[in-house]
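Novice: One file is attached below, work.csv, containing CSV, C-alpha atoms.
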```
chain,number,residue,atom,x,y,z
B,1,MET,CA,-0.4,-5.3,7.9
B,2,TYR,CA,-2.9,-4.0,5.4
B,3,ASN,CA,-4.3,-0.5,5.6
B,4,ASP,CA,-6.7,-0.3,2.8
B,5,THR,CA,-9.5,-2.7,3.5
B,6,VAL,CA,-11.5,-2.1,0.4
B,7,SER,CA,-8.5,-3.0,-1.8
B,8,ILE,CA,-7.9,-6.1,0.4
B,9,LEU,CA,-11.5,-7.2,-0.1
B,10,ASP,CA,-11.1,-6.7,-3.9
B,11,GLU,CA,-7.9,-8.7,-3.8
B,12,ILE,CA,-9.4,-11.5,-1.7
B,13,VAL,CA,-12.5,-11.8,-3.9
B,14,ASN,CA,-10.4,-11.8,-7.1
B,15,ASN,CA,-8.2,-14.5,-5.6
B,16,LYS,CA,-11.3,-16.5,-4.6
B,17,LYS,CA,-12.6,-16.4,-8.2
B,18,ILE,CA,-9.3,-17.9,-9.4
B,19,GLU,CA,-9.4,-20.4,-6.6
B,20,VAL,CA,-12.9,-21.6,-7.4
B,21,GLU,CA,-12.2,-21.9,-11.1
B,22,ALA,CA,-9.2,-24.1,-10.3
B,23,LEU,CA,-11.3,-26.3,-8.1
B,24,LYS,CA,-13.9,-26.7,-10.8
B,25,ALA,CA,-11.2,-27.8,-13.2
B,26,VAL,CA,-10.2,-30.6,-10.8
B,27,ARG,CA,-13.6,-31.5,-9.5
B,28,PRO,CA,-16.4,-30.2,-11.7
B,29,LEU,CA,-19.6,-28.8,-10.3
B,30,GLU,CA,-21.6,-31.7,-11.7
B,31,ILE,CA,-19.7,-34.1,-9.5
B,32,LEU,CA,-20.5,-32.0,-6.4
B,33,GLN,CA,-24.2,-31.9,-7.4
B,34,GLU,CA,-24.3,-35.7,-7.8
B,35,GLU,CA,-22.6,-36.1,-4.4
B,36,ALA,CA,-25.0,-33.6,-2.8
B,37,ALA,CA,-28.0,-35.6,-4.0
B,38,GLU,CA,-26.7,-38.5,-1.9
B,39,VAL,CA,-25.9,-36.7,1.3
B,40,THR,CA,-27.5,-38.3,4.4
B,41,ILE,CA,-25.5,-36.5,7.1
B,42,LYS,CA,-27.9,-35.1,9.7
B,43,LYS,CA,-27.9,-31.3,9.9
B,44,ARG,CA,-27.2,-29.7,13.2
B,45,PRO,CA,-29.6,-26.9,14.1
B,46,PHE,CA,-28.6,-23.3,13.3
B,47,ARG,CA,-31.5,-21.1,12.5
B,48,GLU,CA,-33.7,-23.0,14.9
B,49,LEU,CA,-31.4,-22.0,17.7
B,50,PHE,CA,-32.4,-18.3,17.3
B,51,LYS,CA,-36.0,-19.2,17.9
B,52,LYS,CA,-35.1,-20.6,21.4
B,53,GLY,CA,-33.0,-17.6,22.6
B,54,PRO,CA,-29.9,-15.5,22.0
B,55,VAL,CA,-27.1,-17.4,20.3
B,56,LEU,CA,-23.3,-17.2,20.9
B,57,ILE,CA,-21.1,-18.1,17.9
B,58,ALA,CA,-17.5,-18.7,18.8
B,59,GLU,CA,-15.0,-18.4,16.0
B,60,ILE,CA,-11.8,-20.3,15.0
B,61,LYS,CA,-9.7,-18.0,13.0
B,62,PRO,CA,-5.9,-18.7,12.9
B,63,HIS,CA,-5.0,-15.2,11.6
B,64,SER,CA,-6.3,-12.2,9.7
B,65,PRO,CA,-4.9,-9.6,7.3
B,66,SER,CA,-5.4,-6.9,9.9
B,67,MET,CA,-4.0,-8.6,13.0
B,68,GLY,CA,-1.6,-11.3,11.7
B,69,GLU,CA,-1.4,-14.4,13.9
B,70,ILE,CA,-4.3,-14.5,16.4
B,71,MET,CA,-4.2,-17.8,18.2
B,72,ASP,CA,-1.7,-19.2,20.7
B,73,GLU,CA,-3.3,-22.6,20.8
B,74,SER,CA,-3.7,-24.8,17.7
B,75,PRO,CA,-7.1,-24.6,16.1
B,76,LEU,CA,-8.0,-28.1,17.1
B,77,GLU,CA,-7.0,-27.4,20.7
B,78,MET,CA,-9.4,-24.5,20.6
B,79,ALA,CA,-12.1,-26.7,19.1
B,80,ASP,CA,-11.6,-29.1,22.1
B,81,LEU,CA,-12.2,-26.1,24.5
B,82,TYR,CA,-15.2,-24.9,22.5
B,83,SER,CA,-16.8,-28.4,22.7
B,84,LYS,CA,-16.9,-28.0,26.5
B,85,SER,CA,-18.2,-24.4,26.5
B,86,ASP,CA,-21.5,-22.7,26.4
B,87,ALA,CA,-21.0,-21.7,22.7
B,88,ASP,CA,-24.0,-22.5,20.6
B,89,VAL,CA,-22.3,-22.5,17.2
B,90,ILE,CA,-18.7,-22.8,16.1
B,91,SER,CA,-17.6,-20.6,13.2
B,92,VAL,CA,-14.7,-21.9,11.2
B,93,LEU,CA,-12.7,-19.8,8.6
B,94,THR,CA,-11.9,-21.9,5.6
B,95,ASP,CA,-10.0,-19.3,3.5
B,96,SER,CA,-6.4,-20.4,3.5
B,97,GLU,CA,-4.4,-17.6,2.0
B,98,TYR,CA,-5.7,-14.7,4.1
B,99,PHE,CA,-7.1,-16.4,7.3
B,100,GLY,CA,-5.1,-19.6,7.7
B,101,GLY,CA,-8.1,-21.9,7.5
B,102,SER,CA,-9.0,-24.7,5.3
B,103,ASN,CA,-11.8,-27.2,4.4
B,104,GLU,CA,-9.8,-29.8,6.3
B,105,LEU,CA,-9.8,-27.7,9.4
B,106,LEU,CA,-13.6,-27.4,9.3
B,107,ARG,CA,-13.9,-31.2,8.9
B,108,ASP,CA,-11.6,-31.8,11.8
B,109,VAL,CA,-13.4,-29.2,14.0
B,110,ARG,CA,-16.8,-30.8,13.2
B,111,GLY,CA,-15.5,-34.1,14.3
B,112,ARG,CA,-14.5,-32.7,17.7
B,113,VAL,CA,-17.5,-30.5,18.7
B,114,PRO,CA,-21.2,-31.2,19.1
B,115,GLN,CA,-22.3,-27.7,18.1
B,116,ALA,CA,-23.5,-26.5,14.7
B,117,ILE,CA,-20.8,-25.4,12.3
B,118,LEU,CA,-20.9,-22.1,10.4
B,119,ARG,CA,-18.5,-21.9,7.4
B,120,LYS,CA,-17.0,-18.5,7.0
B,121,ASP,CA,-15.4,-17.8,3.7
B,122,PHE,CA,-15.8,-15.4,0.7
B,123,ILE,CA,-18.6,-17.3,-1.0
B,124,ILE,CA,-19.3,-16.0,-4.5
B,125,ASP,CA,-20.2,-19.1,-6.5
B,126,GLU,CA,-22.8,-21.9,-6.2
B,127,TYR,CA,-19.9,-24.3,-6.3
B,128,GLN,CA,-18.9,-23.2,-2.8
B,129,VAL,CA,-22.4,-23.7,-1.5
B,130,TYR,CA,-22.4,-27.4,-2.7
B,131,GLU,CA,-18.9,-27.6,-1.2
B,132,THR,CA,-20.3,-26.4,2.1
B,133,LEU,CA,-22.9,-29.1,2.2
B,134,LEU,CA,-20.3,-31.8,1.5
B,135,LEU,CA,-17.7,-30.6,4.0
B,136,PRO,CA,-20.2,-30.8,5.9
B,137,ALA,CA,-21.2,-27.5,7.5
B,138,ASP,CA,-24.6,-26.5,8.7
B,139,ALA,CA,-24.6,-22.9,7.7
B,140,PHE,CA,-22.5,-20.5,5.6
B,141,LEU,CA,-21.6,-16.8,5.5
B,142,LEU,CA,-22.6,-14.5,2.6
B,143,ILE,CA,-21.1,-11.0,2.5
B,144,ALA,CA,-23.6,-8.6,1.0
B,145,SER,CA,-21.0,-6.0,-0.1
B,146,ILE,CA,-19.2,-8.4,-2.4
B,147,LEU,CA,-22.3,-9.8,-4.1
B,148,THR,CA,-25.0,-8.2,-6.4
B,149,GLU,CA,-28.6,-8.5,-5.2
B,150,SER,CA,-29.3,-11.3,-7.7
B,151,GLU,CA,-26.2,-13.2,-6.8
B,152,LEU,CA,-27.1,-13.0,-3.1
B,153,ALA,CA,-30.7,-14.1,-3.8
B,154,ASN,CA,-29.6,-17.0,-5.9
B,155,LEU,CA,-27.0,-18.2,-3.3
B,156,LEU,CA,-29.6,-17.9,-0.5
B,157,LYS,CA,-32.1,-19.9,-2.6
B,158,LEU,CA,-29.6,-22.6,-3.3
B,159,GLY,CA,-28.6,-22.9,0.3
B,160,SER,CA,-32.3,-23.3,1.3
B,161,LYS,CA,-32.8,-25.9,-1.3
B,162,LEU,CA,-29.8,-27.9,0.1
B,163,GLY,CA,-31.0,-27.5,3.7
B,164,LEU,CA,-28.3,-25.0,4.6
B,165,ASP,CA,-28.9,-21.8,6.6
B,166,ALA,CA,-27.1,-18.6,5.7
B,167,LEU,CA,-25.9,-15.7,7.8
B,168,VAL,CA,-25.8,-12.6,5.6
B,169,GLU,CA,-23.2,-10.1,6.7
B,170,VAL,CA,-24.0,-6.4,6.4
B,171,HIS,CA,-22.0,-3.2,7.0
B,172,ASP,CA,-24.3,-0.4,6.2
B,173,GLU,CA,-27.9,0.6,5.3
B,174,GLU,CA,-27.3,-0.2,1.6
B,175,ASP,CA,-26.2,-3.8,2.5
B,176,ILE,CA,-29.3,-4.2,4.7
B,177,GLU,CA,-31.7,-3.1,1.9
B,178,LYS,CA,-29.9,-5.5,-0.5
B,179,ALA,CA,-30.1,-8.4,2.0
B,180,LEU,CA,-33.8,-7.8,2.7
B,181,ARG,CA,-34.7,-7.7,-1.0
B,182,ALA,CA,-32.7,-10.9,-1.5
B,183,GLY,CA,-34.6,-12.7,1.2
B,184,ALA,CA,-32.1,-12.9,4.1
B,185,LYS,CA,-33.6,-14.3,7.3
B,186,ILE,CA,-30.5,-14.0,9.5
B,187,MET,CA,-28.2,-11.0,9.3
B,188,GLY,CA,-24.8,-10.3,10.8
B,189,ILE,CA,-24.0,-6.7,11.5
B,190,ASN,CA,-20.2,-6.3,11.2
B,191,ASN,CA,-19.0,-3.6,13.6
B,192,ARG,CA,-15.7,-3.3,11.8
B,193,ASP,CA,-15.2,-0.3,9.5
B,194,LEU,CA,-14.3,-1.5,6.0
B,195,LYS,CA,-11.9,1.5,5.5
B,196,THR,CA,-10.1,1.8,8.8
B,197,PHE,CA,-10.4,-1.7,10.4
B,198,LYS,CA,-11.6,0.0,13.6
B,199,THR,CA,-14.5,-1.6,15.4
B,200,ASP,CA,-17.3,0.2,17.1
B,201,ILE,CA,-20.3,-1.7,18.6
B,202,ALA,CA,-22.3,1.5,18.1
B,203,VAL,CA,-22.6,0.3,14.5
B,204,THR,CA,-24.9,-2.4,15.7
B,205,GLU,CA,-27.0,0.0,17.7
B,206,LYS,CA,-27.3,2.3,14.7
B,207,LEU,CA,-28.2,-0.3,12.1
B,208,MET,CA,-30.6,-2.3,14.2
B,209,ALA,CA,-33.1,0.5,13.7
B,210,LYS,CA,-33.1,-0.2,10.0
B,211,ILE,CA,-33.8,-3.9,10.2
B,212,PRO,CA,-37.5,-5.0,10.5
B,213,LYS,CA,-38.7,-7.2,13.4
B,214,GLY,CA,-38.7,-10.8,12.6
B,215,THR,CA,-35.2,-10.9,11.3
B,216,PHE,CA,-32.6,-12.6,13.4
B,217,VAL,CA,-29.5,-10.4,13.8
B,218,VAL,CA,-26.0,-11.3,15.0
B,219,SER,CA,-23.6,-8.6,16.2
B,220,GLU,CA,-20.1,-9.3,14.9
B,221,SER,CA,-16.6,-7.9,15.8
B,222,GLY,CA,-15.4,-5.8,18.7
B,223,ILE,CA,-17.3,-7.6,21.4
B,224,GLY,CA,-14.9,-8.2,24.2
B,225,SER,CA,-16.8,-7.8,27.5
B,226,ALA,CA,-20.1,-8.4,29.3
B,227,ASP,CA,-20.8,-4.7,29.0
B,228,ASP,CA,-20.4,-4.8,25.3
B,229,VAL,CA,-22.8,-7.7,25.1
B,230,LYS,CA,-25.4,-5.9,27.2
B,231,LYS,CA,-25.1,-2.8,25.0
B,232,VAL,CA,-25.8,-4.7,21.7
B,233,ARG,CA,-28.4,-6.9,23.4
B,234,ARG,CA,-30.4,-3.8,24.4
B,235,SER,CA,-30.6,-2.9,20.7
B,236,GLY,CA,-32.5,-6.1,20.0
B,237,ILE,CA,-29.9,-8.4,18.5
B,238,SER,CA,-30.5,-12.2,18.5
B,239,GLY,CA,-26.9,-13.3,19.0
B,240,ILE,CA,-23.2,-12.4,18.9
B,241,LEU,CA,-20.2,-13.7,17.0
B,242,VAL,CA,-17.0,-13.5,19.0
B,243,GLY,CA,-13.5,-14.3,17.9
B,244,THR,CA,-10.4,-12.5,19.0
B,245,SER,CA,-11.6,-11.7,22.5
B,246,VAL,CA,-12.1,-15.4,23.2
B,247,LEU,CA,-9.2,-16.7,21.1
B,248,GLN,CA,-6.7,-14.5,23.0
B,249,ALA,CA,-8.3,-14.9,26.5
B,250,THR,CA,-6.3,-16.6,29.2
B,251,ASP,CA,-9.3,-18.9,29.9
B,252,PRO,CA,-11.4,-19.1,26.7
B,253,ILE,CA,-14.1,-21.2,28.3
B,254,ALA,CA,-14.5,-18.7,31.1
B,255,LYS,CA,-14.7,-15.8,28.6
B,256,ILE,CA,-17.4,-17.6,26.6
B,257,ASN,CA,-19.4,-18.3,29.7
B,258,GLU,CA,-19.1,-14.7,30.8
B,259,LEU,CA,-20.3,-13.4,27.4
B,260,LYS,CA,-23.1,-16.0,27.3
B,261,GLN,CA,-24.3,-15.1,30.7
B,262,ALA,CA,-24.5,-11.4,29.7
B,263,LEU,CA,-26.3,-12.4,26.5
B,264,ASN,CA,-29.0,-14.2,28.6
B,265,SER,CA,-29.3,-11.5,31.2
```
In structure tokens, how does this file's structure come out?
Specialist:
Amino acid sequence: MYNDTVSILDEIVNNKKIEVEALKAVRPLEILQEEAAEVTIKKRPFRELFKKGPVLIAEIKPHSPSMGEIMDESPLEMADLYSKSDADVISVLTDSEYFGGSNELLRDVRGRVPQAILRKDFIIDEYQVYETLLLPADAFLLIASILTESELANLLKLGSKLGLDALVEVHDEEDIEKALRAGAKIMGINNRDLKTFKTDIAVTEKLMAKIPKGTFVVSESGIGSADDVKKVRRSGISGILVGTSVLQATDPIAKINELKQALNS
């Protein structure tokens, strides 16, 4: 177990930089760009879903630095369950070292579910955005706290150019201001404290007041019950991202349906 989240984030990001450079050495960016120009795979709706109503994003995350192993079922067994559920989007962790995911896992999940796929990773380089398109995923996560404003803006622009939507994760007011200046259209408020790992859905209620109307907002982490959903929904959020509460539920489909019903109430 880790106790110092900030140092973990630094470690993960530093490791990711090394990982990306190694990938470039084997398969240069120019090759990805050439392949991207030939992509004909039809994109599944992501941002468009938020225009129709509240969105539930269900996550596949084999393990995490804070909790260790999370899932009893295999990721693909969970994907099969998600495919039959009321989840609107499936989030897949592709970081291998810290979260037990992989690009191959995302490809396999996409082949099993009809929903849009959100790629969650520590994306710091344009190489990873092209990689996201080619996997293929329909949207990708950007974490405001690990990017400069210019880096965030450039990755958002590239994603838009490639037809990919982006969910920009924020943790505090500084992140929100950075994300807005960079042009974020969809934000995810992470209710997990970066220093203690504790979650508090009141974070969503607090930060929603700082986000202008017209921005789609997803509440992430710490949402485990219908009451939790109703609390964040009252603050004006456009969706929720749920992982552990569903992954560890006795009946994941029933849990998703319970949370989705509360989201729509």
Novice: Pull the closest atom pair for each residue of range 58-92 of chain B that gets at most 12 Å from range 131-155 of chain B, along with the distance in Å to one decimal, counting all atoms listed in the file, ordering rows by chain and then ascending residue number, as a Markdown table.
Specialist:
```
| residue | atom | partner | partner_atom | distance |
| --- | --- | --- | --- | --- |
| B:Val89 | CA | B:Asp138 | CA | 9.7 |
| B:Ile90 | CA | B:Ala137 | CA | 10.1 |
| B:Ser91 | CA | B:Phe140 | CA | 9.0 |
| B:Val92 | CA | B:Ala137 | CA | 9.3 |
```
Novice: Please compute the CA of Phe216 in chain B-CA of Gly188 in chain B distance, one decimal, in Å.
Specialist: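 Calculated distance between CA of Phe216 in chain B and CA of Gly188 in chain B is 8.5 Å.
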Novice: Under the rule that all atoms listed in the file are counted, which of B:Met71, B:Leu156, B:Ile256, B:Ala58 is the nearest residue to Ile117 in chain B?
Specialist: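 Closest to Ile117 in chain B, using all atoms listed in the file: B:Ala58.
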Novice: Which residue out of B:Ser219, B:Ser64, B:Ser160, B:Thr40 has the minimum interatomic distance to Val129 in chain B when all atoms listed in the file are used?
Specialist: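 Under the stated criterion, the closest residue is B:Ser160.
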Novice: When you draw a straight line from CA of Leu32 in chain B to CA of Asp108 in chain B, how long is it in Å?
Specialist: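 Interatomic distance here is 20.3 Å.
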Novice: Find the residues around Ile253 in chain B up to 12 Å (all atoms listed in the file counted), leave out those fewer than 6 positions away in its own chain, and share them as JSON, numbers by chain.
Specialist: {"B": [58, 78, 79, 80, 81, 82, 83, 84, 85, 86, 87, 245, 246, 247, 259, 260]}
Novice: Pick out the residues sitting within 7 Å of range 223-228 of chain B, and hand them over as a list of chain:residue names; count only C-alpha atoms, and ignore anything fewer than 2 positions along from it in its own chain.
Specialist: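 Result of the neighbour search: B:Ser221, B:Lys230, B:Lys231, B:Val232, B:Val242, B:Ser245, B:Glu258, B:Leu259, B:Ala262.
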Novice: Between CA of Ile186 in chain B and CA of Gly236 in chain B, what distance in Å does the model show, to one decimal?
Specialist: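 Going from CA of Ile186 in chain B over to CA of Gly236 in chain B, I get 13.3 Å.
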Novice: Determine the nearest neighbour of Asp165 in chain B from the options B:Lys52, B:Lys210, B:Lys61, B:Arg47, counting only C-alpha atoms.
Specialist: B:Arg47
Novice: What lies within 8 Å of Asn190 in chain B using all atoms listed in the file, ignoring chain neighbours under 5 positions off, as a PyMOL selection string?
Specialist: chain B and resi 169-171+203-204+219-221
Novice: Just C-alpha atoms for this one: save the residues we selected as a tab-separated table (two decimals), in the frame of the given file.
Specialist:
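Saved to out07.tsv:
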```tsv
chain	number	residue	atom	x	y	z
B	169	GLU	CA	-23.20	-10.10	6.70
B	170	VAL	CA	-24.00	-6.40	6.40
B	171	HIS	CA	-22.00	-3.20	7.00
B	203	VAL	CA	-22.60	0.30	14.50
B	204	THR	CA	-24.90	-2.40	15.70
B	219	SER	CA	-23.60	-8.60	16.20
B	220	GLU	CA	-20.10	-9.30	14.90
B	221	SER	CA	-16.60	-7.90	15.80
```
Novice: Considering all atoms listed in the file, can you say which of B:Glu126, B:Ile70, B:Phe50, B:Gly243 comes closest to Lys185 in chain B?
Specialist: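 The closest residue to Lys185 in chain B is B:Phe50.
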Novice: From the list B:Ser66, B:Arg110, B:Arg181, B:Glu77, which residue is nearest Thr199 in chain B when using all atoms listed in the file?
Specialist: B:Ser66
Novice: With only C-alpha atoms as the atoms that count, which of B:Asp72, B:Asp193, B:Lys120, B:Arg107 lies nearest to Thr250 in chain B?
Specialist: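 Nearest candidate to Thr250 in chain B out of B:Asp72, B:Asp193, B:Lys120, B:Arg107: B:Asp72.
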Novice: Leaving out Met208 in chain B and any residue of its chain fewer than 3 positions from it, which residues lie within 9 Å of it when counting all atoms listed in the file, given as JSON, numbers by chain?
Specialist: {"B": [189, 203, 204, 205, 211, 212, 217, 235, 236, 237]}
